[in-house]
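S.K.: First the structure, then my questions, so here it is.
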Amino acid sequence: MSETKTTATKSTQTAKEAYKIVKKMYARAREAMEQGAPVAWVMAASIAEEMLYAMDVVPIYTENYGAVCAAKKGAGPLLNAAEEEGYSNVICGYVRTGIGHAVKRKQLGMIPPDAPEGGMADPTMLIGSSAGCDPRFKWYQALGRYMDTPYFTSEVLVPPNYIDPDDVRERYVRYQMEELKKLKEFLERTLGRKMDEAKLMQAVVTAEETRTWWWKCYEIRRNIPCPMPTEDMLSCNPPGMFYPSYRESVDFYKGLYAELEERVRNGVGVVPEEKYRLLWGGGLPPWHSMNLFNYFESHGAVCVIETCYCQYEPFEDAYKYNDPIERLARWYFHRFSMMHKKALKGPGHPIVQRLLDWIDDYHVDGLVIHSSVSCRATTIGRLYFQNVLKDYVQIPTLFMESDIVDERDYSEAQTKGKIDAFIDVLASRERKRR
């Protein structure tokens, strides 16, 4: 594994410390494996974290591992192992990294010794989900070729864009509750013990507090100059995405908010002179080359907000529900439908509605869209979104292409050339406005 690093230079102290939590996540899973305690490989947005906490199961999020491998320049051998098994190089980079890890684990009879962060601990179970993208149902199913591990997958329902969420809310919530109950039964059957309902409610309430403080950190970034850029927030996402039920995650975002509040109070921004405010408005980031954010900043351009892995507005009605399973189901419906109603009265698509809101709320000068070769879910429709946006705002847009994990699809020279041209457009527009 190469030690070459192309991670971004962070602006906030909290972001500089955030990776310690990720390292702790993998160390905690290895310790659990060695002690015979349950470990789960989990897909992000799998509606499972609170339940895993209640059952004392240590989770490892396999998408995160793909990002870790890319950032540490250790993804290549795992991608190659998956491709040698016949998996196409246009399949999600996260998927190929996870499958490649399982392939090498089976070949070696042990966790690959050169895998980043010591590799992923052997799982007691696999927890999948349909949320987000199409490879998810088949990904963990494919792992059955390389490991004999109990597998559960859940359907996460998202209402169509053309439906008023109020018309389907109760039906969708009931269905989601059924899926959660099936997950509960799976965990109890696999582990041979009942779930502690009080501990589940505790996990749900703590997760809500984590997300509330996380959201506050997004809101404060509206300030000019912006106190925290996109690359910092992406580094700070793991506690909220993967460990919201842990008190340490609440404390993490409280600390982050306090730091951002102080930066705003003292007028401290990301760069000495913030000339242009950008919205990372489409696509996941190229984890192998995150220093491209610093290249934007060398031109005085700061990505002040991002649609990828963003936190959602808190579910303010959560306190009304005493059943933790119903509370979780309603949170997920809220998360995946909150922009639908407003979009029906405007552009018709919730993603476009969010872009419009954030362009206004965060005083955005330009839109950056990263098309990922292996991520259809965050790439398809971007030209359509841009065309719809033109009916509402005139904003320069930069399209870039590479991949989330596979650096073979990335050209630093070409990317910097596109950024330079984009900055010229922003500068010209600013001169005309003056």
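Going by the structure tokens order, chains are called A, B, ..., each with residues numbered from 1, while ligands are numbered from 1 in the order shown.
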Could you give me, as CSV, every range 174-217 of chain A residue with an atom at most 12 Å from range 157-161 of chain A, plus its closest atom pair and distance in Å to one decimal, counting only C-alpha atoms, rows ordered by chain then number?
M.R.:
residue,atom,partner,partner_atom,distance
A:Arg174,CA,A:Leu157,CA,10.7
A:Tyr175,CA,A:Leu157,CA,8.2
A:Gln176,CA,A:Leu157,CA,7.2
A:Met177,CA,A:Leu157,CA,11.0
A:Glu178,CA,A:Leu157,CA,11.7
A:Glu179,CA,A:Leu157,CA,10.1
S.K.: What would the file look like if the residues just selected were written as a PDB file, in the first residue's frame with N, CA and C atoms?
M.R.:
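Saved the output as out-v2.pdb:
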ATOM      1  N   ARG A 174     -46.232   2.452   7.967  1.00  0.00           N
ATOM      2  CA  ARG A 174     -46.598   1.093   8.386  1.00  0.00           C
ATOM      3  C   ARG A 174     -45.682   0.051   7.742  1.00  0.00           C
ATOM      4  N   TYR A 175     -45.432   0.248   6.433  1.00  0.00           N
ATOM      5  CA  TYR A 175     -44.554  -0.701   5.743  1.00  0.00           C
ATOM      6  C   TYR A 175     -43.146  -0.674   6.327  1.00  0.00           C
ATOM      7  N   GLN A 176     -42.650   0.544   6.613  1.00  0.00           N
ATOM      8  CA  GLN A 176     -41.299   0.651   7.162  1.00  0.00           C
ATOM      9  C   GLN A 176     -41.220   0.030   8.547  1.00  0.00           C
ATOM     10  N   MET A 177     -42.281   0.146   9.314  1.00  0.00           N
ATOM     11  CA  MET A 177     -42.316  -0.494  10.626  1.00  0.00           C
ATOM     12  C   MET A 177     -42.247  -2.017  10.489  1.00  0.00           C
ATOM     13  N   GLU A 178     -42.926  -2.552   9.478  1.00  0.00           N
ATOM     14  CA  GLU A 178     -42.860  -3.996   9.244  1.00  0.00           C
ATOM     15  C   GLU A 178     -41.434  -4.435   8.929  1.00  0.00           C
ATOM     16  N   GLU A 179     -40.727  -3.638   8.125  1.00  0.00           N
ATOM     17  CA  GLU A 179     -39.342  -3.963   7.797  1.00  0.00           C
ATOM     18  C   GLU A 179     -38.447  -3.913   9.038  1.00  0.00           C
TER      19      GLU A 179
END
S.K.: Mind the document's chain letters and residue numbers, and return as a ChimeraX atom specification the residues of range 2-176 of chain A that DSSP labels strand (DSSP E or B).
M.R.: /A:39-42,58-61,125-129,151-154
S.K.: Report the distance between CA of Asp166 in chain A and CA of Tyr312 in chain A in Å, rounded to one decimal place.
M.R.: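 Result for CA of Asp166 in chain A versus CA of Tyr312 in chain A: 18.4 Å, one decimal.
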S.K.: Quick one: residues within 7 Å of range 258-269 of chain A, only C-alpha atoms counted, chain neighbours fewer than 6 positions away excluded, as a list in words?
M.R.: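 In the requested format, the answer is Pro225, Cys226 and Pro227 of chain A.
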S.K.: Using only C-alpha atoms, determine which residues lie at most 8 Å from Gly119 in chain A, disregarding the query and same-chain residues fewer than 6 positions distant; provide the list as a ChimeraX atom specification.
M.R.: /A:26,101,111-113
S.K.: Put those residues in a file: N, CA and C atoms, as a compact mmCIF listing (two decimals), in the first residue's frame.
M.R.:
# COMPACT_ATOMS: atom_id res chain seq x y z
N TYR A 26 -12.85 0.85 13.44
CA TYR A 26 -12.26 -0.40 12.96
C TYR A 26 -11.56 -1.15 14.09
N HIS A 101 -12.18 -7.21 -0.75
CA HIS A 101 -11.72 -7.56 0.60
C HIS A 101 -12.14 -8.99 0.94
N ILE A 111 -7.69 -11.99 7.29
CA ILE A 111 -7.87 -10.62 6.84
C ILE A 111 -6.60 -10.18 6.12
N PRO A 112 -6.70 -9.59 4.92
CA PRO A 112 -5.50 -9.18 4.19
C PRO A 112 -4.59 -8.31 5.06
N PRO A 113 -3.37 -8.73 5.31
CA PRO A 113 -2.50 -8.01 6.25
C PRO A 113 -2.13 -6.60 5.80
S.K.: List as a ChimeraX atom specification the protein and nucleic acid residues near Ala48 in chain A, meaning an atom at most 12 Å away when only C-alpha atoms are counted, but skip any in the same chain fewer than 3 places from it.
M.R.: /A:40-45,51-55,57-61,126-129,131,152-156,176,179-184,186-187,200,203-204,207,241-245,325,328-329,332
S.K.: Convert the current residue selection to file output with N, CA and C atoms, as a CSV table (one decimal), in the first residue's frame.
M.R.:
chain,number,residue,atom,x,y,z
A,40,ALA,N,-21.1,-6.6,12.7
A,40,ALA,CA,-22.0,-6.5,11.5
A,40,ALA,C,-21.3,-5.7,10.4
A,41,TRP,N,-21.3,-6.2,9.2
A,41,TRP,CA,-21.0,-5.3,8.1
A,41,TRP,C,-22.4,-4.7,7.7
A,42,VAL,N,-22.4,-3.4,7.5
A,42,VAL,CA,-23.6,-2.7,7.3
A,42,VAL,C,-23.5,-1.7,6.2
A,43,MET,N,-24.6,-1.6,5.4
A,43,MET,CA,-24.7,-0.6,4.4
A,43,MET,C,-25.2,0.7,5.0
A,44,ALA,N,-24.7,1.8,4.6
A,44,ALA,CA,-25.2,3.1,5.1
A,44,ALA,C,-26.7,3.3,4.7
A,45,ALA,N,-27.4,4.0,5.6
A,45,ALA,CA,-28.8,4.3,5.4
A,45,ALA,C,-29.6,3.0,5.5
A,51,MET,N,-30.8,-0.1,16.2
A,51,MET,CA,-31.1,-1.5,16.7
A,51,MET,C,-29.8,-2.3,16.9
A,52,LEU,N,-28.8,-2.1,16.2
A,52,LEU,CA,-27.5,-2.7,16.4
A,52,LEU,C,-26.9,-2.3,17.8
A,53,TYR,N,-27.1,-1.0,18.1
A,53,TYR,CA,-26.6,-0.5,19.4
A,53,TYR,C,-27.4,-1.2,20.5
A,54,ALA,N,-28.7,-1.3,20.3
A,54,ALA,CA,-29.5,-1.9,21.4
A,54,ALA,C,-29.1,-3.4,21.6
A,55,MET,N,-28.6,-4.0,20.6
A,55,MET,CA,-28.2,-5.4,20.7
A,55,MET,C,-26.7,-5.6,20.9
A,57,VAL,N,-24.2,-4.9,19.0
A,57,VAL,CA,-23.5,-5.3,17.8
A,57,VAL,C,-22.6,-4.2,17.3
A,58,VAL,N,-21.3,-4.5,17.1
A,58,VAL,CA,-20.4,-3.5,16.6
A,58,VAL,C,-20.5,-3.4,15.1
A,59,PRO,N,-20.8,-2.2,14.5
A,59,PRO,CA,-21.0,-2.1,13.1
A,59,PRO,C,-19.7,-1.7,12.4
A,60,ILE,N,-19.5,-2.2,11.1
A,60,ILE,CA,-18.6,-1.6,10.2
A,60,ILE,C,-19.3,-1.3,8.9
A,61,TYR,N,-19.2,-0.1,8.5
A,61,TYR,CA,-19.9,0.4,7.3
A,61,TYR,C,-19.0,0.3,6.1
A,126,LEU,N,-24.5,-9.7,8.1
A,126,LEU,CA,-24.5,-8.7,7.0
A,126,LEU,C,-25.9,-8.0,7.1
A,127,ILE,N,-25.9,-6.7,7.1
A,127,ILE,CA,-27.2,-5.9,7.2
A,127,ILE,C,-27.2,-5.0,5.9
A,128,GLY,N,-28.1,-5.3,5.0
A,128,GLY,CA,-28.2,-4.6,3.8
A,128,GLY,C,-29.4,-3.7,3.7
A,129,SER,N,-29.5,-3.0,2.6
A,129,SER,CA,-30.6,-2.0,2.5
A,129,SER,C,-30.8,-1.7,1.0
A,131,ALA,N,-31.8,1.4,0.2
A,131,ALA,CA,-31.8,2.9,0.1
A,131,ALA,C,-30.6,3.3,-0.7
A,152,PHE,N,-29.4,-10.1,6.1
A,152,PHE,CA,-30.7,-9.4,6.2
A,152,PHE,C,-30.6,-8.2,5.3
A,153,THR,N,-31.7,-8.0,4.5
A,153,THR,CA,-31.8,-6.7,3.8
A,153,THR,C,-33.2,-6.2,3.9
A,154,SER,N,-33.3,-4.9,4.0
A,154,SER,CA,-34.6,-4.2,4.2
A,154,SER,C,-34.9,-3.3,3.0
A,155,GLU,N,-36.1,-3.1,2.8
A,155,GLU,CA,-36.6,-2.2,1.8
A,155,GLU,C,-36.8,-0.8,2.5
A,156,VAL,N,-36.2,0.2,1.9
A,156,VAL,CA,-36.5,1.6,2.5
A,156,VAL,C,-37.3,2.3,1.4
A,176,GLN,N,-42.7,0.5,6.6
A,176,GLN,CA,-41.3,0.7,7.2
A,176,GLN,C,-41.2,0.0,8.5
A,179,GLU,N,-40.7,-3.6,8.1
A,179,GLU,CA,-39.3,-4.0,7.8
A,179,GLU,C,-38.4,-3.9,9.0
A,180,LEU,N,-38.7,-2.9,9.9
A,180,LEU,CA,-37.9,-2.8,11.1
A,180,LEU,C,-38.2,-4.0,12.1
A,181,LYS,N,-39.4,-4.4,12.1
A,181,LYS,CA,-39.7,-5.5,13.0
A,181,LYS,C,-39.1,-6.8,12.5
A,182,LYS,N,-39.0,-6.9,11.2
A,182,LYS,CA,-38.3,-8.1,10.6
A,182,LYS,C,-36.8,-8.1,10.9
A,183,LEU,N,-36.2,-6.9,10.9
A,183,LEU,CA,-34.8,-6.7,11.3
A,183,LEU,C,-34.6,-7.1,12.7
A,184,LYS,N,-35.5,-6.7,13.6
A,184,LYS,CA,-35.5,-7.0,15.0
A,184,LYS,C,-35.5,-8.5,15.2
A,186,PHE,N,-34.7,-10.8,13.0
A,186,PHE,CA,-33.5,-11.4,12.5
A,186,PHE,C,-32.3,-11.3,13.5
A,187,LEU,N,-32.2,-10.1,14.2
A,187,LEU,CA,-31.1,-9.9,15.2
A,187,LEU,C,-31.3,-10.8,16.4
A,200,LEU,N,-33.1,0.4,23.2
A,200,LEU,CA,-33.4,0.8,21.8
A,200,LEU,C,-34.0,2.3,21.8
A,203,ALA,N,-31.2,4.6,22.4
A,203,ALA,CA,-30.4,4.8,21.2
A,203,ALA,C,-31.1,5.7,20.2
A,204,VAL,N,-32.4,5.6,20.0
A,204,VAL,CA,-33.2,6.5,19.1
A,204,VAL,C,-33.1,7.9,19.6
A,207,ALA,N,-29.6,9.3,19.0
A,207,ALA,CA,-29.4,9.5,17.6
A,207,ALA,C,-30.0,10.8,17.1
A,241,MET,N,-23.3,9.6,10.6
A,241,MET,CA,-23.8,8.6,9.7
A,241,MET,C,-23.7,7.2,10.3
A,242,PHE,N,-22.7,6.9,11.0
A,242,PHE,CA,-22.4,5.5,11.4
A,242,PHE,C,-22.6,5.3,12.9
A,243,TYR,N,-22.5,6.3,13.8
A,243,TYR,CA,-22.5,6.1,15.2
A,243,TYR,C,-23.4,7.1,15.9
A,244,PRO,N,-24.6,7.4,15.4
A,244,PRO,CA,-25.4,8.4,16.0
A,244,PRO,C,-25.9,8.1,17.4
A,245,SER,N,-26.0,6.8,17.7
A,245,SER,CA,-26.5,6.3,19.0
A,245,SER,C,-25.5,6.4,20.2
A,325,ILE,N,-39.8,1.9,17.3
A,325,ILE,CA,-39.8,1.4,15.9
A,325,ILE,C,-40.6,2.3,15.1
A,328,LEU,N,-38.5,5.5,14.5
A,328,LEU,CA,-37.5,5.3,13.5
A,328,LEU,C,-38.2,5.3,12.1
A,329,ALA,N,-39.3,4.7,11.9
A,329,ALA,CA,-40.0,4.6,10.6
A,329,ALA,C,-40.4,6.0,10.2
A,332,TYR,N,-37.3,8.1,9.0
A,332,TYR,CA,-36.9,7.7,7.7
A,332,TYR,C,-37.8,8.3,6.6
S.K.: For range 390-398 of chain A, work out the shell of residues within 12 Å, counting only C-alpha atoms and skipping chain neighbours fewer than 6 positions away, then give it as number ranges by chain.
M.R.: A: 276-282, 296, 346-348, 352-353, 355-360, 363-371, 382-384, 415-430
S.K.: Applying 6 Å and only C-alpha atoms, which residues near range 9-24 of chain A remain after dropping the ones on its own chain fewer than 5 positions away? List them as an mmCIF file with N, CA and C atoms, in the first residue's frame.
M.R.:
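New file around-v7.cif:
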data_model
loop_
_atom_site.group_PDB
_atom_site.id
_atom_site.type_symbol
_atom_site.label_atom_id
_atom_site.label_comp_id
_atom_site.auth_asym_id
_atom_site.auth_seq_id
_atom_site.Cartn_x
_atom_site.Cartn_y
_atom_site.Cartn_z
ATOM 1 N N ASP A 232 -14.018 19.553 5.050
ATOM 2 C CA ASP A 232 -14.027 19.362 6.498
ATOM 3 C C ASP A 232 -15.289 18.624 6.942
ATOM 4 N N SER A 235 -15.248 14.975 6.259
ATOM 5 C CA SER A 235 -14.432 14.269 7.245
ATOM 6 C C SER A 235 -15.166 14.106 8.567
ATOM 7 N N CYS A 236 -16.084 15.014 8.845
ATOM 8 C CA CYS A 236 -16.800 15.006 10.120
ATOM 9 C C CYS A 236 -18.116 14.236 10.065
ATOM 10 N N LEU A 256 -17.821 20.529 17.610
ATOM 11 C CA LEU A 256 -17.672 21.132 16.286
ATOM 12 C C LEU A 256 -18.454 22.433 16.200
ATOM 13 N N VAL A 270 -12.406 30.225 5.651
ATOM 14 C CA VAL A 270 -11.573 29.120 5.172
ATOM 15 C C VAL A 270 -10.321 29.642 4.489
#
S.K.: Using CA of Met110 in chain A and CA of Thr124 in chain A as the two end points, give the distance in Å to one decimal.
M.R.: 15.2 Å
S.K.: Going by DSSP on the backbone, which residues of range 36-111 of chain A come out as alpha helix (DSSP H)? List them as a PyMOL selection string.
M.R.: chain A and resi 49-54+62-71+76-84+93-108
S.K.: How would the residues just picked look written out with N, CA and C atoms as a tab-separated table (two decimals), in the first residue's frame?
M.R.:
chain	number	residue	atom	x	y	z
A	49	GLU	N	-28.79	1.15	12.60
A	49	GLU	CA	-27.77	1.49	13.58
A	49	GLU	C	-28.31	1.47	15.00
A	50	GLU	N	-29.47	2.08	15.22
A	50	GLU	CA	-30.02	2.13	16.57
A	50	GLU	C	-30.31	0.72	17.11
A	51	MET	N	-30.80	-0.15	16.23
A	51	MET	CA	-31.09	-1.52	16.65
A	51	MET	C	-29.81	-2.29	16.95
A	52	LEU	N	-28.78	-2.07	16.17
A	52	LEU	CA	-27.50	-2.72	16.43
A	52	LEU	C	-26.94	-2.28	17.78
A	53	TYR	N	-27.07	-0.99	18.06
A	53	TYR	CA	-26.62	-0.48	19.36
A	53	TYR	C	-27.37	-1.17	20.49
A	54	ALA	N	-28.69	-1.31	20.31
A	54	ALA	CA	-29.51	-1.92	21.36
A	54	ALA	C	-29.15	-3.39	21.59
A	62	THR	N	-19.44	-0.62	5.17
A	62	THR	CA	-18.57	-1.03	4.07
A	62	THR	C	-18.36	0.08	3.04
A	63	GLU	N	-19.32	1.00	2.88
A	63	GLU	CA	-19.07	2.14	2.00
A	63	GLU	C	-17.94	3.00	2.56
A	64	ASN	N	-17.97	3.19	3.87
A	64	ASN	CA	-16.90	3.97	4.50
A	64	ASN	C	-15.55	3.32	4.27
A	65	TYR	N	-15.52	1.99	4.29
A	65	TYR	CA	-14.23	1.33	4.08
A	65	TYR	C	-13.70	1.59	2.67
A	66	GLY	N	-14.59	1.65	1.69
A	66	GLY	CA	-14.15	2.01	0.34
A	66	GLY	C	-13.53	3.39	0.30
A	67	ALA	N	-14.15	4.34	1.02
A	67	ALA	CA	-13.59	5.70	1.06
A	67	ALA	C	-12.25	5.72	1.77
A	68	VAL	N	-12.13	4.98	2.87
A	68	VAL	CA	-10.87	4.90	3.61
A	68	VAL	C	-9.77	4.34	2.72
A	69	CYS	N	-10.07	3.26	2.00
A	69	CYS	CA	-9.07	2.65	1.13
A	69	CYS	C	-8.63	3.61	0.03
A	70	ALA	N	-9.58	4.35	-0.54
A	70	ALA	CA	-9.25	5.31	-1.59
A	70	ALA	C	-8.36	6.41	-1.04
A	71	ALA	N	-8.73	6.96	0.13
A	71	ALA	CA	-7.97	8.07	0.72
A	71	ALA	C	-6.56	7.65	1.08
A	76	GLY	N	-6.43	-0.17	-4.70
A	76	GLY	CA	-6.07	-0.86	-5.93
A	76	GLY	C	-6.10	-2.38	-5.85
A	77	PRO	N	-5.41	-3.01	-4.89
A	77	PRO	CA	-5.40	-4.47	-4.81
A	77	PRO	C	-6.80	-5.06	-4.60
A	78	LEU	N	-7.64	-4.37	-3.87
A	78	LEU	CA	-9.00	-4.87	-3.61
A	78	LEU	C	-9.87	-4.74	-4.85
A	79	LEU	N	-9.74	-3.62	-5.56
A	79	LEU	CA	-10.47	-3.46	-6.82
A	79	LEU	C	-10.05	-4.52	-7.83
A	80	ASN	N	-8.76	-4.75	-7.90
A	80	ASN	CA	-8.25	-5.76	-8.84
A	80	ASN	C	-8.77	-7.16	-8.49
A	81	ALA	N	-8.82	-7.47	-7.19
A	81	ALA	CA	-9.30	-8.78	-6.76
A	81	ALA	C	-10.75	-8.98	-7.18
A	82	ALA	N	-11.57	-7.94	-7.06
A	82	ALA	CA	-12.97	-8.04	-7.47
A	82	ALA	C	-13.09	-8.19	-8.99
A	83	GLU	N	-12.30	-7.41	-9.71
A	83	GLU	CA	-12.37	-7.47	-11.17
A	83	GLU	C	-11.89	-8.81	-11.70
A	84	GLU	N	-10.92	-9.42	-11.04
A	84	GLU	CA	-10.46	-10.75	-11.44
A	84	GLU	C	-11.53	-11.81	-11.24
A	93	GLY	N	-17.60	1.64	-6.85
A	93	GLY	CA	-16.29	1.46	-6.26
A	93	GLY	C	-16.34	0.95	-4.83
A	94	TYR	N	-17.36	1.39	-4.07
A	94	TYR	CA	-17.53	0.86	-2.72
A	94	TYR	C	-17.79	-0.64	-2.75
A	95	VAL	N	-18.67	-1.05	-3.68
A	95	VAL	CA	-19.02	-2.47	-3.80
A	95	VAL	C	-17.80	-3.30	-4.15
A	96	ARG	N	-17.03	-2.84	-5.15
A	96	ARG	CA	-15.86	-3.61	-5.58
A	96	ARG	C	-14.81	-3.70	-4.48
A	97	THR	N	-14.66	-2.62	-3.71
A	97	THR	CA	-13.70	-2.67	-2.60
A	97	THR	C	-14.13	-3.70	-1.56
A	98	GLY	N	-15.42	-3.71	-1.21
A	98	GLY	CA	-15.91	-4.66	-0.24
A	98	GLY	C	-15.82	-6.09	-0.72
A	99	ILE	N	-16.18	-6.32	-1.98
A	99	ILE	CA	-16.08	-7.67	-2.53
A	99	ILE	C	-14.62	-8.09	-2.63
A	100	GLY	N	-13.76	-7.16	-3.05
A	100	GLY	CA	-12.34	-7.49	-3.15
A	100	GLY	C	-11.76	-7.88	-1.80
A	101	HIS	N	-12.18	-7.21	-0.75
A	101	HIS	CA	-11.72	-7.56	0.60
A	101	HIS	C	-12.14	-8.99	0.94
A	102	ALA	N	-13.40	-9.33	0.63
A	102	ALA	CA	-13.90	-10.67	0.93
A	102	ALA	C	-13.18	-11.73	0.10
A	103	VAL	N	-12.89	-11.40	-1.18
A	103	VAL	CA	-12.16	-12.33	-2.05
A	103	VAL	C	-10.79	-12.65	-1.47
A	104	LYS	N	-10.04	-11.60	-1.11
A	104	LYS	CA	-8.70	-11.80	-0.58
A	104	LYS	C	-8.74	-12.48	0.78
A	105	ARG	N	-9.78	-12.19	1.57
A	105	ARG	CA	-9.93	-12.87	2.86
A	105	ARG	C	-10.07	-14.37	2.67
A	106	LYS	N	-10.86	-14.76	1.67
A	106	LYS	CA	-11.05	-16.19	1.42
A	106	LYS	C	-9.78	-16.83	0.86
A	107	GLN	N	-9.10	-16.11	-0.04
A	107	GLN	CA	-7.88	-16.66	-0.65
A	107	GLN	C	-6.78	-16.87	0.38
A	108	LEU	N	-6.64	-15.91	1.29
A	108	LEU	CA	-5.55	-15.96	2.28
A	108	LEU	C	-5.91	-16.74	3.53
S.K.: So what do you get for CA of Arg171 in chain A versus CA of Ala343 in chain A, distance-wise?
M.R.: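 These atoms are spaced 21.2 Å apart.
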S.K.: Give the answer as one residue: which of A:Arg136, A:Val304, A:Pro38, A:Ala121 has the shortest atom-to-atom distance to Gly192 in chain A, using only C-alpha atoms?
M.R.: A:Pro38
S.K.: Pick from A:Gly109, A:Pro324, A:Gly144, A:Pro314: nearest to Thr212 in chain A, with only C-alpha atoms counted?
M.R.: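 For Thr212 in chain A, the nearest of the given residues is A:Pro314.
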